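Reading through the structure tokens given below for one structure.
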Protein chains: 2
Amino acid sequence: MSEDGVTLSLDPAVSMEDVARRAGVSTATVSRTLRGLPNVSAATRGRVLKAAAELSYAISPIASRLASGRTHSVAVLVPYASRWFFAQVVAGVEGVLREEGLDLLLYNLADHEARERFFQRLPLRRRVDAVLPVAMPLTDAETGALRGLGVPLAVAGHRADGVHSVRIDDTATVHIALRHLLDLGHRRIGLISTYANQKMWLPVADERRRAWQSGLAAAGVAPAPELVVSVPFGHAGGASGAERLLARPDPPTAILCESDELAFGVLAALRRAGVDVPGQVSVVGIDDHELAEVFDLTTVRQAVPEQGALAARMLVRAMREARRPPSEVVVPTELVVRTSTGPAR
Amino acid sequence: MSEDGVTLSLDPAVSMEDVARRAGVSTATVSRTLRGLPNVSAATRGRVLKAAAELSYAISPIASRLASGRTHSVAVLVPYASRWFFAQVVAGVEGVLREEGLDLLLYNLADHEARERFFQRLPLRRRVDAVLPVAMPLTDAETGALRGLGVPLAVAGHRADGVHSVRIDDTATVHIALRHLLDLGHRRIGLISTYANQKMWLPVADERRRAWQSGLAAAGVAPAPELVVSVPFGHAGGASGAERLLARPDPPTAILCESDELAFGVLAALRRAGVDVPGQVSVVGIDDHELAEVFDLTTVRQAVPEQGALAARMLVRAMREARRPPSEVVVPTELVVRTSTGPAR
DNA sequence: TTGTATGCGTTATCAT
DNA sequence: ATGATAACGCATACAA
């Protein structure tokens with residue numbers, strides 16, 4: 001009923017049998033044709049496709065799934081769907097899944113209860129062909145639960161035993177940032193990291209903290225534990241962290257933030273306090289958030305949507321080749337120097 | 001195999017028939033029990049639930065869907081999954097759907113081709129029980145295509161004929177911002193709005209532009225067309241818009257931005273140009289992005305996740321009561337005054 | 001309240 | 001290369 005070809009009859013009641021009848025073949029042949037199987041003669045194929053088009057037939061994914069046993073769906077698990085990092089990853093995943101004809105089922109396990117409910121009831125059972133948890137390290141029990149689903153598993157944003165993973169090297173990333181600051185002559189380098197709220201694990205924070213220690217130690221600088229502060233995630237956390245560091249008798253000359261969003265808050269707090277950046281204090285983040293440029297923030301860039309896309313691709317392959325040994329991909333990070341860092345005073 | 005009750009046997013091969021056998025009833029009774037239908041005796045219910053628990057039985061959603069004809073899935077359509085606004089809306093939608101036991105299928109129609117392919121092939125046919133396009137105004141043909149699916153439709157972020165919608169009043173929102181600036185004595189008020197890229201419609205931009213005109217006119221101020229600039233979305237667009245306005249012989253004393261993300265770029269550009277905010281130029285945005293606070297940006301707040309949640313609730317109701325007249329919800333917006341605005345010089 | 005039997009729309013295994 | 005037919009696992013009229 002449309003002139004531009006977008007809308008058609010769309011009678012949802014047309015089934016494969018209707019197409020078969022119209023093409024003068026059996027449903028088996030229609031099925032084969034529509035799935036592109038080889039053993040169909042060109043003539044038959046043509047008739048089937050024509051009939052299907054004329055009826056504007058659409059296969060019923062559900063019936064197909066029941067019969068084939070494959071759901072053509074992938075569950076994506078995130079702790080905070082609306083945060084920059086996760087939204088980026090999800091977009092990356094979506095692109096790949098879409099192109100593979102797979103559905104993306106989004107699960108936002110925002111709070112502890114939601115997460116607990118999820119792993120107890122496991123709504124994914126018999127519902128998806130693969131699972132992709134994003135930057136949410138799992139307990140052994142949780143991993144076991146997902147394993148029990150019997151479908152491929154890949155994680156993005158960290159690593160896990162025995163499953164595919166895509167991530168950055170957190171230690172190397174922190175060291176890149178430290179190296180930059182050390183080269184600028186900084187020795188008192190603070191670290192602002194986030195603590196796990198709501199019982200959500202954040203081992204990434206631990207790893208980055210250890211990297212801060214090891215990186216300083218390797219440079220012959222004694223890491224001062226009082227220069228490490230733990231705050232809630234987000235710009236407000238960063239601001240409070242900066243205030244705590246500034247309040248110290250001997251404040252740091254540089255602050256390394258576990259994420260750019262923390263760094264944004266740090267910069268705001270420093271500005272409010274009348275502290276010159278980078279004259280008095282240098283600030284460096286991790287991520288290269290799109291607004292890092294606006295803040296003139298020096299940071300260590302990681303390719304976020306790409307990690308999602310990579311993880312999705314690993315899953316796609318794992319879905320095809322059953323027992324594929326878990327691969328562990330580490331994507332590189334790189335320093336992006338802007339004007340929030342400068343020589344130590 | 002586990003001590004904490006999270007992991008169980010999870011044999012995917014256990015079917016309703018197994019549960020029925022173990023409970024000594026028919027599959028029909030198991031089905032009724034598991035769905036919480038009333039006509040099951042307490043004793044029987046107990047036995048069934050016990051058997052199901054012992055087998056750690058999980059119903060096959062797919063078989064259930066094929067038999068019942070309901071997919072228990074909702075498609076969410078977004079143009080830019082990773083942008084702040086859309087990520088917020090999706091999170092809001094997810095919360096409601098999850099709580100209703102509905103699956104969220106995410107479709108990111110990033111570019112024109114993806115969008116075209118989507119509406120031509122309509123992968124949603126027979127796949128979802130409802131569709132929720134977010135802030136992506138549809139052509140008549142596209143609307144018709146979705147209508148043809150025969151499932152409830154609700155849009156968030158704008159309005160559309162004959163379908164449920166949740167949105168803000170764009171005109172009122174712009175007028176709120178203008179009122180604030182006018183009260184501060186501003187008369188030369190610029191507007192930075194975004195243009196539709198990649199053939200994506202952005203009628204919201206049009207409406208806000210007209211509101212800028214009408215708001216000024218109502219205050220007895222002749223709207224100067226040269227103070228309206230159209231830029232690409234994002235902070236970079238905002239920055240270039242600000243530069244164009246500043247380059248004018250008689251630049252505005254205040255700049256109204258169609259979104260906070262534009263405003264962030266404007267503030268950065270003004271800072272780079274050495275223009276004092278709000279001394280020389282006031283800036284106001286729309287959204288109350290979480291980073292607006294960091295930028296000390298005066299803005300008009302809209303509740304974003306809530307709009308997604310509301311739209312989802314409308315769909316849930318529409319899925320229950322078939323022919324429900326389309327409701328049109330307008331959520332209020334409010335001025336949030338920070339320090340990016342001040343008296344006209 | 002409970003059981004029987006059929007249908008849901010495909011896929012896949014056989015034959016032919 | 002094609003067709004008949006049995007799964008797939010549940011929901012649901014209908015009967016009891």
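Residues are named by chain letter and number: chains run A, B, ... in the order of the structure tokens, numbers start at 1 in each chain, and ligands are numbered from 1 in the order shown.
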
Would you give me, as JSON lines, each residue of chain A having an atom within 8 Å of an atom of chain D, along with its shortest atom pair and that distance in Å to one decimal, using only C-alpha atoms (C1' of nucleotides) and sorting by chain and residue number?
```
{"residue": "A:Ser26", "atom": "CA", "partner": "D:DG3", "partner_atom": "C1'", "distance": 6.3}
{"residue": "A:Ala28", "atom": "CA", "partner": "D:DG3", "partner_atom": "C1'", "distance": 7.5}
{"residue": "A:Thr29", "atom": "CA", "partner": "D:DT2", "partner_atom": "C1'", "distance": 6.9}
{"residue": "A:Asn39", "atom": "CA", "partner": "D:DA1", "partner_atom": "C1'", "distance": 6.3}
{"residue": "A:Val40", "atom": "CA", "partner": "D:DA1", "partner_atom": "C1'", "distance": 6.1}
{"residue": "A:Ser41", "atom": "CA", "partner": "D:DA1", "partner_atom": "C1'", "distance": 6.6}
{"residue": "A:Leu66", "atom": "CA", "partner": "D:DC8", "partner_atom": "C1'", "distance": 5.3}
{"residue": "A:Ala67", "atom": "CA", "partner": "D:DC8", "partner_atom": "C1'", "distance": 4.7}
{"residue": "A:Ser68", "atom": "CA", "partner": "D:DC8", "partner_atom": "C1'", "distance": 7.6}
{"residue": "A:Gly69", "atom": "CA", "partner": "D:DC8", "partner_atom": "C1'", "distance": 7.5}
```

How about saving the chosen residues, N, CA and C atoms kept, as a CSV table (one decimal), in the first residue's frame?
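Heads up, here's the output in again34.csv:
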```csv
chain,number,residue,atom,x,y,z
A,26,SER,N,7.6,-28.3,-2.0
A,26,SER,CA,7.3,-28.6,-0.6
A,26,SER,C,7.9,-27.6,0.4
A,28,ALA,N,9.9,-28.2,2.6
A,28,ALA,CA,11.3,-28.5,2.8
A,28,ALA,C,12.2,-27.8,1.8
A,29,THR,N,11.7,-27.8,0.6
A,29,THR,CA,12.4,-27.1,-0.5
A,29,THR,C,12.4,-25.5,-0.2
A,39,ASN,N,21.8,-27.7,-2.3
A,39,ASN,CA,21.1,-28.6,-3.1
A,39,ASN,C,19.7,-28.2,-3.5
A,40,VAL,N,19.6,-27.1,-4.3
A,40,VAL,CA,18.4,-26.7,-4.8
A,40,VAL,C,18.7,-26.2,-6.2
A,41,SER,N,17.9,-26.7,-7.2
A,41,SER,CA,18.1,-26.3,-8.6
A,41,SER,C,17.8,-24.8,-8.8
A,66,LEU,N,13.1,-22.9,17.3
A,66,LEU,CA,12.7,-24.1,18.1
A,66,LEU,C,13.1,-25.4,17.3
A,67,ALA,N,12.9,-25.3,16.0
A,67,ALA,CA,13.2,-26.5,15.2
A,67,ALA,C,14.7,-26.7,15.1
A,68,SER,N,15.5,-25.7,15.0
A,68,SER,CA,16.9,-25.8,14.8
A,68,SER,C,17.7,-25.9,16.1
A,69,GLY,N,17.1,-25.5,17.1
A,69,GLY,CA,17.8,-25.5,18.4
A,69,GLY,C,18.8,-24.3,18.6
```

Subject >> Picked from segment 46-149 of chain A by DSSP as alpha helix (DSSP H), as number ranges by chain >> reply: A: 46-54, 61-68, 84-99, 112-121, 140-147

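Between Leu77 of chain A and the candidates A:Val151, A:Ala23, A:Ala156, A:Leu102, the tightest atom-to-atom separation, counting only C-alpha atoms, involves A:Ala156.
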
**OP:** Find the residues near Val204 of chain B: any atom within 8 Å, counting only C-alpha atoms (C1' of nucleotides), skip ones fewer than 2 places away on the same chain, and give them as a PyMOL selection string.
**Re:** chain B and resi 158+170+202+206-208

Subject >> chain C contacts on chain A, only C-alpha atoms (C1' of nucleotides), 10 Å, as a PyMOL selection string >> reply: chain A and resi 15-17+27-28+31-32+59-69

Dump C-alpha atoms for the selected residues as a CSV table (one decimal), in the first residue's frame?
```
chain,number,residue,atom,x,y,z
A,15,SER,CA,3.6,-19.2,6.4
A,16,MET,CA,6.1,-21.3,4.7
A,17,GLU,CA,3.4,-23.6,3.5
A,27,THR,CA,8.1,-26.7,2.6
A,28,ALA,CA,11.3,-28.5,2.8
A,31,SER,CA,13.3,-23.9,3.8
A,32,ARG,CA,16.4,-25.1,1.9
A,59,ILE,CA,10.2,-16.5,8.2
A,60,SER,CA,9.1,-17.0,11.8
A,61,PRO,CA,12.4,-16.7,13.8
A,62,ILE,CA,10.8,-18.4,16.7
A,63,ALA,CA,9.6,-21.5,14.9
A,64,SER,CA,13.0,-21.7,13.2
A,65,ARG,CA,14.7,-21.5,16.5
A,66,LEU,CA,12.7,-24.1,18.1
A,67,ALA,CA,13.2,-26.5,15.2
A,68,SER,CA,16.9,-25.8,14.8
A,69,GLY,CA,17.8,-25.5,18.4
```
